[in-house]
There are 2 protein chains.
Amino acid sequence: MIGIIPDSPPRSRRGGPGQGGMRQALEIDLGRAEFFRGMSPGLFGRIRHLVQESHFERQKVLYFEGQPAEYLWVIGSGEVRLYKSSASGRVTTLEVLKPGEMFGAVSSLDQDHYTASAEGVSSGVAWRLPRPTVLKVIGEEPALAVDILVVTSRRLRDAHERLRSFATDAAPARLARALLRATREGQARVTRRALAEASGTTVETAIRVLRRFEREGLIAGKVGLVQVVDEPALLRVAGEV
Amino acid sequence: MIGIIPDSPPRSRRGGPGQGGMRQALEIDLGRAEFFRGMSPGLFGRIRHLVQESHFERQKVLYFEGQPAEYLWVIGSGEVRLYKSSASGRVTTLEVLKPGEMFGAVSSLDQDHYTASAEGVSSGVAWRLPRPTVLKVIGEEPALAVDILVVTSRRLRDAHERLRSFATDAAPARLARALLRATREGQARVTRRALAEASGTTVETAIRVLRRFEREGLIAGKVGLVQVVDEPALLRVAGEV
DNA sequence: AATCGGATATGATCGGGATCATACCGGACT
DNA sequence: AGTCCGGTATGATCCCGATCATATCCGATT
């Protein structure tokens with residue numbers, strides 16, 4: 001009864017751009033999602049009724065850092081971001097997750113509290129499996145850990161590379177990276193704020209830098225939407241030559 | 001025959017501070033090290049002769065980022081750091097590993113190239129297990145993946161927290177964190193350069209900030225050694241209240 | 001003994017980016 | 001229809017920290 005995401009009805013005052021759920025029609029079956037896809041049919045059949053389904057909305061928090069890690073989560077549709085807040089109130093986006101991807105797993109394994117917060121980037125559906133079940137399932141089919149391990153390893157690599165970038169790259173390079181990372185098929189549905197929080201800078205700087213990119217013909221911008229016009233140039237700015 | 005760390009004899013010109021290997025007398029048995037400790041006795045017995053042992057020296061590179069990931073490594077004694085270099089030549093330390101800890105595993109699982117470089121922080125001994133053996137062993141006892149997963153999860157959490165810190169904290173806070181992280185029993189055997197590379201700043205800034213810490217009575221400094229005098233104050237600077 | 005290089009130290013300077021302020025726009029709610 | 005708020009935009013200002021330069025110290029090498 002986590003009590004945080006009570007399948008609330010459509011929320012209000014959320015005119016934000018580029019959202020709505022119907023846009024990224026991408027959905028996925030539970031059986032093809034991370035963690036579940038590796039289970040034997042028998043095990044899957046036995047535990048699938050323990051999976052809870054919940055809707056979430058844009059900007060709706062699924063859980064906060066520090067709360068008891070009661071579930072392993074998997075996205076059915078929509079997007080979720082993991083983020084951390086600093087004492088001064090600044091927010092840093094750690095990861096943006098898409099349908100089929102799991103989260104909360106890292107915490108639910110050896111940690112009893114979530115170590116980052118999670119909130120909807122769009123509306124969508126999330127499945128969650130109670131932590132005790134997760135542990136029991138892994139104990140039963142340890143090969144599942146390999147699946148989680150592969151996912152976690154990839155994320156660790158990503159985190160390391162971003163760490164390097166944050167430590168040594170200037171704001172334009174970090175922003176170009178964040179932008180490219182958010183881009184699907186030539187366009188990124190993100191606000192300047194989202195890019196700022198994903199690249200460790202401020203909204204104003206993000207706006208200024210993107211305006212410069214725009215004037216230089218690297219991108220074209222609308223509200224909540226960035227069109228990548230000159231990807232090679234962006235890659236160059238990002239330092240990925 | 002990786003060819004990089006040919007058990008070279010003692011190296012020269014390396015007057016660096018606080019090193020030498022005999023200082024941190026900490027050693028560990030293979031059987032108690034990460035990855036190996038979780039094996040069944042039978043399996044351990046069968047593969048232990050496949051473990052290669054090699055000495056490394058301070059500043060000696062065990063492998064470079066981008067090279068084929070041929071081994072999973074475990075430290076027997078001494079310390080190793082994982083780091084990344086940027087195009088401009090600046091170096092960022094990702095992790096400093098101690099006896100019993102593994103590395104290279106993340107790469108050797110689903111990646112065929114190392115995604116960071118590794119070099120000795122002190123002299124020491126490293127064991128390495130060829131990647132094909134690693135995969136075979138995990139296939140045989142999948143529960144081993146859980147062990148690696150727990151380690152990888154912890155490191156991912158660390159990386160995320162450092163990411164937040166790099167994104168939002170000022171240099172003094174990041175340096176205080178790096179210092180506290182390197183401290184064992186009230187003192188840290190690190191150069192200003194090492195702290196700078198671990199906290200995403202420059203040597204000059206590290207020196208200036210640490211000098212200020214010193215004048216304010218938070219630390220006491222020698223070459224290659226920092227004594228933590230007022231840990232609570234340092235924690236406050238680090239933003240860990 | 002002389003030399004060399006790494007570590008520490010400090011000054012001068014510059015600039016990127018944070019901060020603060022203001023303004024406009026457009027969609028959504030009342 | 002009017003209000004409100006989030007997103008975008010831009011100017012002014014300030015300062016932290018990077019950069020460049022120089023100097024001292026000391027252990028190790030020649």
# chains A, B, ... in the order shown; residues from 1 in each chain; ligands from 1
$ residues_around --residues "Ile219 in chain A" --least-positions-apart "3" --cutoff "9 Å" --atoms "only C-alpha atoms (C1' of nucleotides)" --output "ChimeraX atom specification"
/A:210-211,213-216,226-231,234
$ write_last_selection --atoms "C-alpha atoms" --output "JSON list (two decimals), in the first residue's frame"
[["chain", "number", "residue", "atom", "x", "y", "z"],
["A", 210, "LEU", "CA", 20.42, 25.97, -27.08],
["A", 211, "ARG", "CA", 19.62, 29.35, -28.58],
["A", 213, "PHE", "CA", 22.90, 26.01, -31.18],
["A", 214, "GLU", "CA", 19.77, 27.20, -32.92],
["A", 215, "ARG", "CA", 21.37, 30.31, -34.37],
["A", 216, "GLU", "CA", 24.25, 28.21, -35.56],
["A", 226, "VAL", "CA", 14.08, 20.18, -30.08],
["A", 227, "GLN", "CA", 14.76, 19.13, -33.64],
["A", 228, "VAL", "CA", 18.28, 17.96, -34.28],
["A", 229, "VAL", "CA", 19.30, 19.53, -37.57],
["A", 230, "ASP", "CA", 23.03, 18.97, -37.68],
["A", 231, "GLU", "CA", 23.77, 15.86, -35.69],
["A", 234, "LEU", "CA", 26.23, 18.32, -32.17]]
$ interface_residues --of "chain C" --to "chain A" --cutoff "8 Å" --atoms "only C-alpha atoms (C1' of nucleotides)" --output "PyMOL selection string"
chain C and resi 17-18+27-29
$ closest_atom_pairs --of "chain D" --to "chain B" --cutoff "9 Å" --atoms "only C-alpha atoms (C1' of nucleotides)" --output "tab-separated table"
residue	atom	partner	partner_atom	distance
D:DC16	C1'	B:Ala170	CA	8.5
D:DG17	C1'	B:Thr205	CA	7.0
D:DA18	C1'	B:Thr202	CA	7.6
D:DG27	C1'	B:Gly15	CA	6.1
D:DA28	C1'	B:Arg13	CA	6.2
D:DT29	C1'	B:Arg13	CA	7.1
$ residues_around --residues "range 176-185 of chain A" --least-positions-apart "3" --cutoff "10 Å" --atoms "only C-alpha atoms (C1' of nucleotides)" --output "ChimeraX atom specification"
/A:96,162,165,171-173,188-190,192,194-200,206,209-210,213,225-228,231,233-240
$ interface_residues --of "chain A" --to "chain B" --cutoff "6 Å" --atoms "only C-alpha atoms" --output "ChimeraX atom specification"
/A:92,106,142-143,145-146,149,153,156,163-164,167,200
$ atom_distance --atom1 "CA of Gly45 in chain B" --atom2 "CA of Val137 in chain B"
11.9 Å
